[in-house]
Amino acid sequence: MANIYEVAKEAGVSHMTVSRVFNNPDLVGKNTRKKVMTVANNLGYRPSQVARSMRTKKTNYIGLILPDIINPFFPEVVRGVDDYARKNKYNTILANTDNDYEVEISSIEMFLNRGIDGIILGGIAGGKKDTAFLNKIIDKGIPSVLIDRFIPDVNSSYVITDNFKAGYDATKYLIDLGHKKIVVISSPQKIKIFRDRLEGYKQALKDHNIEYREDYICEGEELVESGYKTFKKLIKKNDDFTAVFAMCDFMAFGMYKFCKENNIKIPDDLSIISIDDIFTSALITPPLTTMAQQKYEMGYAAAKILIESIEKGAFPDKKVVLKANLIERESCRSIG
């Protein structure tokens, strides 16, 4: 590959003019720009990213840390982040942590060694380690934005779903169909977004004069297997309900499996609604009614906040809350 001096010699200009063509093209006349670009393309010249980074103090790389890339929730988030980044001439480096604190720390070190300009973080639960991890990023002065979850005690930018309203709307949908005995298969309540969903459920009951019952709540993990086991545990204690609000699609899938094995027909015997709308929700039988999170928009907005802040030389300071939209399919029926 040719260097900048060979391009300059062939084009009959100085090497500084070649540099300006690639870094400050507005300072170079149109004809000269065209001539230099033609020579550069013919010689296969590409400007050095390292040299450019030294001049601008930027690498045009951002880091994206996710807890589990196999989770179907995240690919659309990644696409949103990468689409905005590429549109603005930034590259995205992805790190998958499997919710392992040590991997999170090593990912940060890897990003720092590569000189990334900022970080987007997903899946922050909010425990002591996560809080310490996020504070460490902020203390290092690394521009950062959280997606999907946030930590109330940490002053950081984030893009999340309005989880209270998602829980409220999911419950109200069942109530409007005539259901009054609605149980909850809950994701971990130590995580704020799931506490918000439960509070939305409680408020919907209260607004419709339906008694809240502790024995109607059963907590598990965001896994298909956990949805199966949690529902099995709940139904052994109490089987007088007509509908279930599952806090994530994975848990709903586990319930589907249990219902199929135990001849419980959905929605004839039991109505089920969930939150997420991962792509498989439309493919199962019957297709799952769910509150769709705006996953692509979440990633796109997070990248926009981060990159705009980087370009301005400022630390991100914006909080975005997105609406979850009801996707009505075939897993719920009216009993009114």
# chains A, B, ... in the order shown; residues from 1 in each chain; ligands from 1
call {"tool": "residues_around", "arguments": {"residues": "region 98-112 of chain A", "least_positions_apart": "5", "cutoff": "10 Å", "atoms": "only C-alpha atoms", "output": "ChimeraX atom specification"}}
result
/A:61-70,93,117-119,121,123-125,129-130,133,136-137,140,142
call {"tool": "write_last_selection", "arguments": {"atoms": "N, CA and C atoms", "output": "PDB file, in the first residue's frame"}}
result
ATOM      1  N   TYR A  61     -13.923   4.272  17.602  1.00  0.00           N
ATOM      2  CA  TYR A  61     -14.384   2.957  18.038  1.00  0.00           C
ATOM      3  C   TYR A  61     -15.189   3.126  19.323  1.00  0.00           C
ATOM      4  N   ILE A  62     -16.330   2.440  19.412  1.00  0.00           N
ATOM      5  CA  ILE A  62     -17.078   2.390  20.666  1.00  0.00           C
ATOM      6  C   ILE A  62     -17.202   0.936  21.100  1.00  0.00           C
ATOM      7  N   GLY A  63     -17.287   0.719  22.406  1.00  0.00           N
ATOM      8  CA  GLY A  63     -17.444  -0.624  22.940  1.00  0.00           C
ATOM      9  C   GLY A  63     -18.891  -0.897  23.301  1.00  0.00           C
ATOM     10  N   LEU A  64     -19.330  -2.122  23.106  1.00  0.00           N
ATOM     11  CA  LEU A  64     -20.678  -2.553  23.482  1.00  0.00           C
ATOM     12  C   LEU A  64     -20.553  -3.800  24.346  1.00  0.00           C
ATOM     13  N   ILE A  65     -20.955  -3.693  25.602  1.00  0.00           N
ATOM     14  CA  ILE A  65     -20.868  -4.807  26.542  1.00  0.00           C
ATOM     15  C   ILE A  65     -22.264  -5.372  26.780  1.00  0.00           C
ATOM     16  N   LEU A  66     -22.451  -6.668  26.495  1.00  0.00           N
ATOM     17  CA  LEU A  66     -23.740  -7.326  26.686  1.00  0.00           C
ATOM     18  C   LEU A  66     -23.576  -8.566  27.561  1.00  0.00           C
ATOM     19  N   PRO A  67     -24.624  -8.931  28.312  1.00  0.00           N
ATOM     20  CA  PRO A  67     -24.500 -10.070  29.234  1.00  0.00           C
ATOM     21  C   PRO A  67     -24.632 -11.427  28.562  1.00  0.00           C
ATOM     22  N   ASP A  68     -25.372 -11.499  27.434  1.00  0.00           N
ATOM     23  CA  ASP A  68     -25.602 -12.804  26.807  1.00  0.00           C
ATOM     24  C   ASP A  68     -26.062 -12.595  25.371  1.00  0.00           C
ATOM     25  N   ILE A  69     -25.140 -12.677  24.434  1.00  0.00           N
ATOM     26  CA  ILE A  69     -25.457 -12.379  23.042  1.00  0.00           C
ATOM     27  C   ILE A  69     -26.362 -13.444  22.436  1.00  0.00           C
ATOM     28  N   ILE A  70     -26.453 -14.626  23.062  1.00  0.00           N
ATOM     29  CA  ILE A  70     -27.345 -15.675  22.549  1.00  0.00           C
ATOM     30  C   ILE A  70     -28.806 -15.329  22.829  1.00  0.00           C
ATOM     31  N   ILE A  93     -17.109  -2.467  18.808  1.00  0.00           N
ATOM     32  CA  ILE A  93     -16.464  -3.680  19.303  1.00  0.00           C
ATOM     33  C   ILE A  93     -17.382  -4.290  20.361  1.00  0.00           C
ATOM     34  N   ASP A 117     -13.600   5.213  22.302  1.00  0.00           N
ATOM     35  CA  ASP A 117     -14.063   6.567  22.638  1.00  0.00           C
ATOM     36  C   ASP A 117     -15.208   6.570  23.641  1.00  0.00           C
ATOM     37  N   GLY A 118     -15.914   5.470  23.785  1.00  0.00           N
ATOM     38  CA  GLY A 118     -17.031   5.406  24.714  1.00  0.00           C
ATOM     39  C   GLY A 118     -17.587   3.990  24.790  1.00  0.00           C
ATOM     40  N   ILE A 119     -18.496   3.754  25.739  1.00  0.00           N
ATOM     41  CA  ILE A 119     -19.020   2.410  25.983  1.00  0.00           C
ATOM     42  C   ILE A 119     -20.534   2.438  26.149  1.00  0.00           C
ATOM     43  N   LEU A 121     -23.439  -0.125  27.711  1.00  0.00           N
ATOM     44  CA  LEU A 121     -23.522  -1.302  28.575  1.00  0.00           C
ATOM     45  C   LEU A 121     -24.955  -1.795  28.689  1.00  0.00           C
ATOM     46  N   GLY A 123     -27.624  -4.960  30.385  1.00  0.00           N
ATOM     47  CA  GLY A 123     -27.765  -6.025  31.375  1.00  0.00           C
ATOM     48  C   GLY A 123     -27.226  -5.712  32.748  1.00  0.00           C
ATOM     49  N   ILE A 124     -27.050  -4.448  33.095  1.00  0.00           N
ATOM     50  CA  ILE A 124     -26.584  -4.082  34.433  1.00  0.00           C
ATOM     51  C   ILE A 124     -27.696  -4.374  35.440  1.00  0.00           C
ATOM     52  N   ALA A 125     -27.431  -5.260  36.410  1.00  0.00           N
ATOM     53  CA  ALA A 125     -28.477  -5.678  37.351  1.00  0.00           C
ATOM     54  C   ALA A 125     -28.695  -4.672  38.471  1.00  0.00           C
ATOM     55  N   LYS A 129     -21.598  -5.051  42.942  1.00  0.00           N
ATOM     56  CA  LYS A 129     -20.527  -5.207  41.951  1.00  0.00           C
ATOM     57  C   LYS A 129     -20.817  -4.392  40.690  1.00  0.00           C
ATOM     58  N   ASP A 130     -22.077  -4.422  40.254  1.00  0.00           N
ATOM     59  CA  ASP A 130     -22.436  -3.650  39.065  1.00  0.00           C
ATOM     60  C   ASP A 130     -22.274  -2.159  39.306  1.00  0.00           C
ATOM     61  N   PHE A 133     -18.662  -1.412  39.264  1.00  0.00           N
ATOM     62  CA  PHE A 133     -18.193  -1.526  37.882  1.00  0.00           C
ATOM     63  C   PHE A 133     -18.528  -0.258  37.089  1.00  0.00           C
ATOM     64  N   LYS A 136     -16.563   2.726  38.240  1.00  0.00           N
ATOM     65  CA  LYS A 136     -15.171   2.652  37.777  1.00  0.00           C
ATOM     66  C   LYS A 136     -15.058   3.244  36.367  1.00  0.00           C
ATOM     67  N   ILE A 137     -16.037   2.971  35.521  1.00  0.00           N
ATOM     68  CA  ILE A 137     -16.043   3.516  34.167  1.00  0.00           C
ATOM     69  C   ILE A 137     -16.182   5.033  34.213  1.00  0.00           C
ATOM     70  N   LYS A 140     -13.098   6.821  35.409  1.00  0.00           N
ATOM     71  CA  LYS A 140     -12.035   6.881  34.400  1.00  0.00           C
ATOM     72  C   LYS A 140     -12.349   7.911  33.315  1.00  0.00           C
ATOM     73  N   ILE A 142     -14.700   7.725  31.051  1.00  0.00           N
ATOM     74  CA  ILE A 142     -15.091   7.100  29.787  1.00  0.00           C
ATOM     75  C   ILE A 142     -16.562   7.398  29.519  1.00  0.00           C
TER      76      ILE A 142
END
call {"tool": "residues_around", "arguments": {"residues": "Tyr84 (chain A)", "least_positions_apart": "2", "cutoff": "8 Å", "atoms": "only C-alpha atoms", "output": "VMD selection string"}}
result
chain A and resid 80 to 82 86 to 88 300 303 to 304
call {"tool": "closest_residue", "arguments": {"among": "A:Val7, A:Ala252, A:Ile266, A:Leu94", "to": "Ile278 (chain A)", "atoms": "only C-alpha atoms"}}
result
A:Ala252
call {"tool": "residues_around", "arguments": {"residues": "region 284-287 of chain A", "least_positions_apart": "5", "cutoff": "6 Å", "atoms": "only C-alpha atoms", "output": "list of chain:residue names"}}
result
A:Arg329, A:Glu330, A:Ser331
call {"tool": "select_by_dssp", "arguments": {"residues": "region 83-245 of chain A", "states": "strand (DSSP E or B)", "output": "MDAnalysis selection string"}}
result
chainID A and resid 91:96 118:122 144:147 157:161 182:186 217:219 243:245
call {"tool": "write_last_selection", "arguments": {"atoms": "C-alpha atoms", "output": "mmCIF file, in the first residue's frame"}}
result
data_model
loop_
_atom_site.group_PDB
_atom_site.id
_atom_site.type_symbol
_atom_site.label_atom_id
_atom_site.label_comp_id
_atom_site.auth_asym_id
_atom_site.auth_seq_id
_atom_site.Cartn_x
_atom_site.Cartn_y
_atom_site.Cartn_z
ATOM 1 C CA ASN A 91 -16.896 1.062 14.530
ATOM 2 C CA THR A 92 -18.402 -1.138 17.251
ATOM 3 C CA ILE A 93 -16.464 -3.680 19.303
ATOM 4 C CA LEU A 94 -18.703 -6.226 21.051
ATOM 5 C CA ALA A 95 -17.904 -7.980 24.335
ATOM 6 C CA ASN A 96 -20.070 -10.790 25.722
ATOM 7 C CA GLY A 118 -17.031 5.406 24.714
ATOM 8 C CA ILE A 119 -19.020 2.410 25.983
ATOM 9 C CA ILE A 120 -22.612 1.171 25.832
ATOM 10 C CA LEU A 121 -23.522 -1.302 28.575
ATOM 11 C CA GLY A 122 -26.460 -3.717 28.675
ATOM 12 C CA SER A 144 -20.946 5.655 28.737
ATOM 13 C CA VAL A 145 -24.637 4.917 28.195
ATOM 14 C CA LEU A 146 -26.717 2.139 29.771
ATOM 15 C CA ILE A 147 -29.341 0.213 27.813
ATOM 16 C CA SER A 157 -27.189 8.216 30.814
ATOM 17 C CA TYR A 158 -29.540 5.427 29.818
ATOM 18 C CA VAL A 159 -32.100 4.215 27.286
ATOM 19 C CA ILE A 160 -34.726 1.950 28.815
ATOM 20 C CA THR A 161 -38.322 0.812 28.467
ATOM 21 C CA ILE A 182 -54.124 -12.961 37.332
ATOM 22 C CA VAL A 183 -50.894 -14.519 38.601
ATOM 23 C CA VAL A 184 -47.380 -13.266 37.923
ATOM 24 C CA ILE A 185 -44.336 -15.296 36.917
ATOM 25 C CA SER A 186 -41.800 -12.739 38.053
ATOM 26 C CA ILE A 217 -46.631 -13.950 42.711
ATOM 27 C CA CYS A 218 -43.856 -16.475 42.068
ATOM 28 C CA GLU A 219 -40.288 -15.393 41.323
ATOM 29 C CA ALA A 243 -54.469 -15.683 33.361
ATOM 30 C CA VAL A 244 -50.729 -15.245 33.769
ATOM 31 C CA PHE A 245 -48.520 -12.201 33.341
#
call {"tool": "select_by_dssp", "arguments": {"residues": "region 114-306 of chain A", "states": "helix (DSSP H, G or I)", "output": "PyMOL selection string"}}
result
chain A and resi 114+128-139+163-176+192-207+214-216+224-237+249-261+279-282+295-306
call {"tool": "write_last_selection", "arguments": {"atoms": "C-alpha atoms", "output": "compact mmCIF listing (two decimals), in the first residue's frame"}}
result
# COMPACT_ATOMS: atom_id res chain seq x y z
CA ARG A 114 -7.77 -0.27 22.21
CA LYS A 128 -22.90 -3.81 44.57
CA LYS A 129 -20.53 -5.21 41.95
CA ASP A 130 -22.44 -3.65 39.06
CA THR A 131 -22.53 -0.30 40.84
CA ALA A 132 -18.78 -0.49 41.49
CA PHE A 133 -18.19 -1.53 37.88
CA LEU A 134 -20.18 1.40 36.48
CA ASN A 135 -18.59 3.88 38.88
CA LYS A 136 -15.17 2.65 37.78
CA ILE A 137 -16.04 3.52 34.17
CA ILE A 138 -17.36 6.94 35.16
CA ASP A 139 -14.31 7.62 37.36
CA ASN A 163 -41.34 -0.90 32.60
CA PHE A 164 -43.99 0.34 35.04
CA LYS A 165 -46.32 1.15 32.15
CA ALA A 166 -45.47 -2.12 30.38
CA GLY A 167 -46.49 -4.05 33.50
CA TYR A 168 -49.59 -1.89 33.90
CA ASP A 169 -50.69 -2.23 30.27
CA ALA A 170 -50.12 -6.00 30.20
CA THR A 171 -52.26 -6.43 33.32
CA LYS A 172 -54.96 -4.03 32.12
CA TYR A 173 -55.18 -5.94 28.84
CA LEU A 174 -56.04 -9.11 30.77
CA ILE A 175 -58.48 -7.24 33.02
CA ASP A 176 -60.24 -5.78 29.96
CA LYS A 192 -35.27 -2.53 39.28
CA ILE A 193 -36.90 -2.94 35.88
CA PHE A 194 -38.69 -6.06 37.14
CA ARG A 195 -39.74 -4.34 40.35
CA ASP A 196 -41.21 -1.62 38.16
CA ARG A 197 -43.15 -4.19 36.14
CA LEU A 198 -44.59 -5.67 39.32
CA GLU A 199 -45.55 -2.20 40.58
CA GLY A 200 -47.34 -1.62 37.27
CA TYR A 201 -49.26 -4.88 37.79
CA LYS A 202 -50.23 -3.83 41.33
CA GLN A 203 -51.41 -0.41 40.19
CA ALA A 204 -53.56 -1.89 37.42
CA LEU A 205 -55.25 -4.18 39.97
CA LYS A 206 -55.80 -1.27 42.34
CA ASP A 207 -57.26 0.95 39.61
CA GLU A 214 -48.98 -12.29 47.51
CA ASP A 215 -49.69 -15.95 46.76
CA TYR A 216 -50.28 -14.98 43.13
CA VAL A 224 -37.08 -21.08 29.82
CA GLU A 225 -36.27 -23.74 32.41
CA SER A 226 -37.02 -21.33 35.24
CA GLY A 227 -40.35 -20.38 33.68
CA TYR A 228 -41.26 -24.06 33.62
CA LYS A 229 -40.22 -24.74 37.21
CA THR A 230 -41.64 -21.49 38.59
CA PHE A 231 -45.03 -22.08 37.00
CA LYS A 232 -45.06 -25.68 38.19
CA LYS A 233 -44.37 -24.48 41.73
CA LEU A 234 -47.08 -21.82 41.53
CA ILE A 235 -49.77 -24.10 40.13
CA LYS A 236 -49.17 -26.62 42.91
CA LYS A 237 -49.95 -23.92 45.48
CA ASP A 249 -40.88 -14.12 26.92
CA PHE A 250 -38.37 -16.79 27.99
CA MET A 251 -40.37 -17.48 31.16
CA ALA A 252 -43.56 -17.62 29.09
CA PHE A 253 -41.94 -20.22 26.82
CA GLY A 254 -41.24 -22.38 29.88
CA MET A 255 -44.91 -22.09 30.84
CA TYR A 256 -45.93 -23.16 27.32
CA LYS A 257 -43.82 -26.29 27.75
CA PHE A 258 -45.43 -27.12 31.11
CA CYS A 259 -48.93 -26.51 29.74
CA LYS A 260 -48.32 -28.79 26.77
CA GLU A 261 -47.04 -31.59 29.00
CA PHE A 279 -38.86 -13.05 17.26
CA THR A 280 -39.82 -16.57 18.40
CA SER A 281 -42.87 -15.18 20.22
CA ALA A 282 -44.71 -15.06 16.90
CA LYS A 295 -35.06 -3.10 20.94
CA TYR A 296 -33.62 -1.66 17.71
CA GLU A 297 -34.63 1.86 18.72
CA MET A 298 -33.01 1.29 22.13
CA GLY A 299 -29.65 0.48 20.57
CA TYR A 300 -29.90 3.25 17.98
CA ALA A 301 -30.78 5.90 20.59
CA ALA A 302 -27.97 4.76 22.91
CA ALA A 303 -25.40 5.01 20.11
CA LYS A 304 -26.75 8.44 19.13
CA ILE A 305 -26.45 9.78 22.68
CA LEU A 306 -22.93 8.37 23.06
call {"tool": "atom_distance", "arguments": {"atom1": "CA of Lys180 (chain A)", "atom2": "CA of Cys248 (chain A)"}}
result
20.8 Å
call {"tool": "residues_around", "arguments": {"residues": "Glu6 (chain A)", "least_positions_apart": "6", "cutoff": "10 Å", "atoms": "only C-alpha atoms", "output": "PyMOL selection string"}}
result
chain A and resi 12+15+39-40+43+45
call {"tool": "write_last_selection", "arguments": {"atoms": "C-alpha atoms", "output": "compact mmCIF listing (two decimals), in the first residue's frame"}}
result
# COMPACT_ATOMS: atom_id res chain seq x y z
CA GLY A 12 1.99 16.98 -7.60
CA HIS A 15 1.96 15.68 1.80
CA VAL A 39 -4.35 9.13 -7.19
CA ALA A 40 -4.96 7.69 -3.71
CA LEU A 43 -2.27 3.63 -5.55
CA TYR A 45 -3.61 4.52 -0.27
call {"tool": "residues_around", "arguments": {"residues": "Asp277 (chain A)", "least_positions_apart": "6", "cutoff": "9 Å", "atoms": "only C-alpha atoms", "output": "PyMOL selection string"}}
result
chain A and resi 73+248-249+288-293+327
call {"tool": "atom_distance", "arguments": {"atom1": "CA of Leu322 (chain A)", "atom2": "CA of Arg149 (chain A)"}}
result
12.0 Å
call {"tool": "atom_distance", "arguments": {"atom1": "CA of Asp239 (chain A)", "atom2": "CA of Ser271 (chain A)"}}
result
13.2 Å
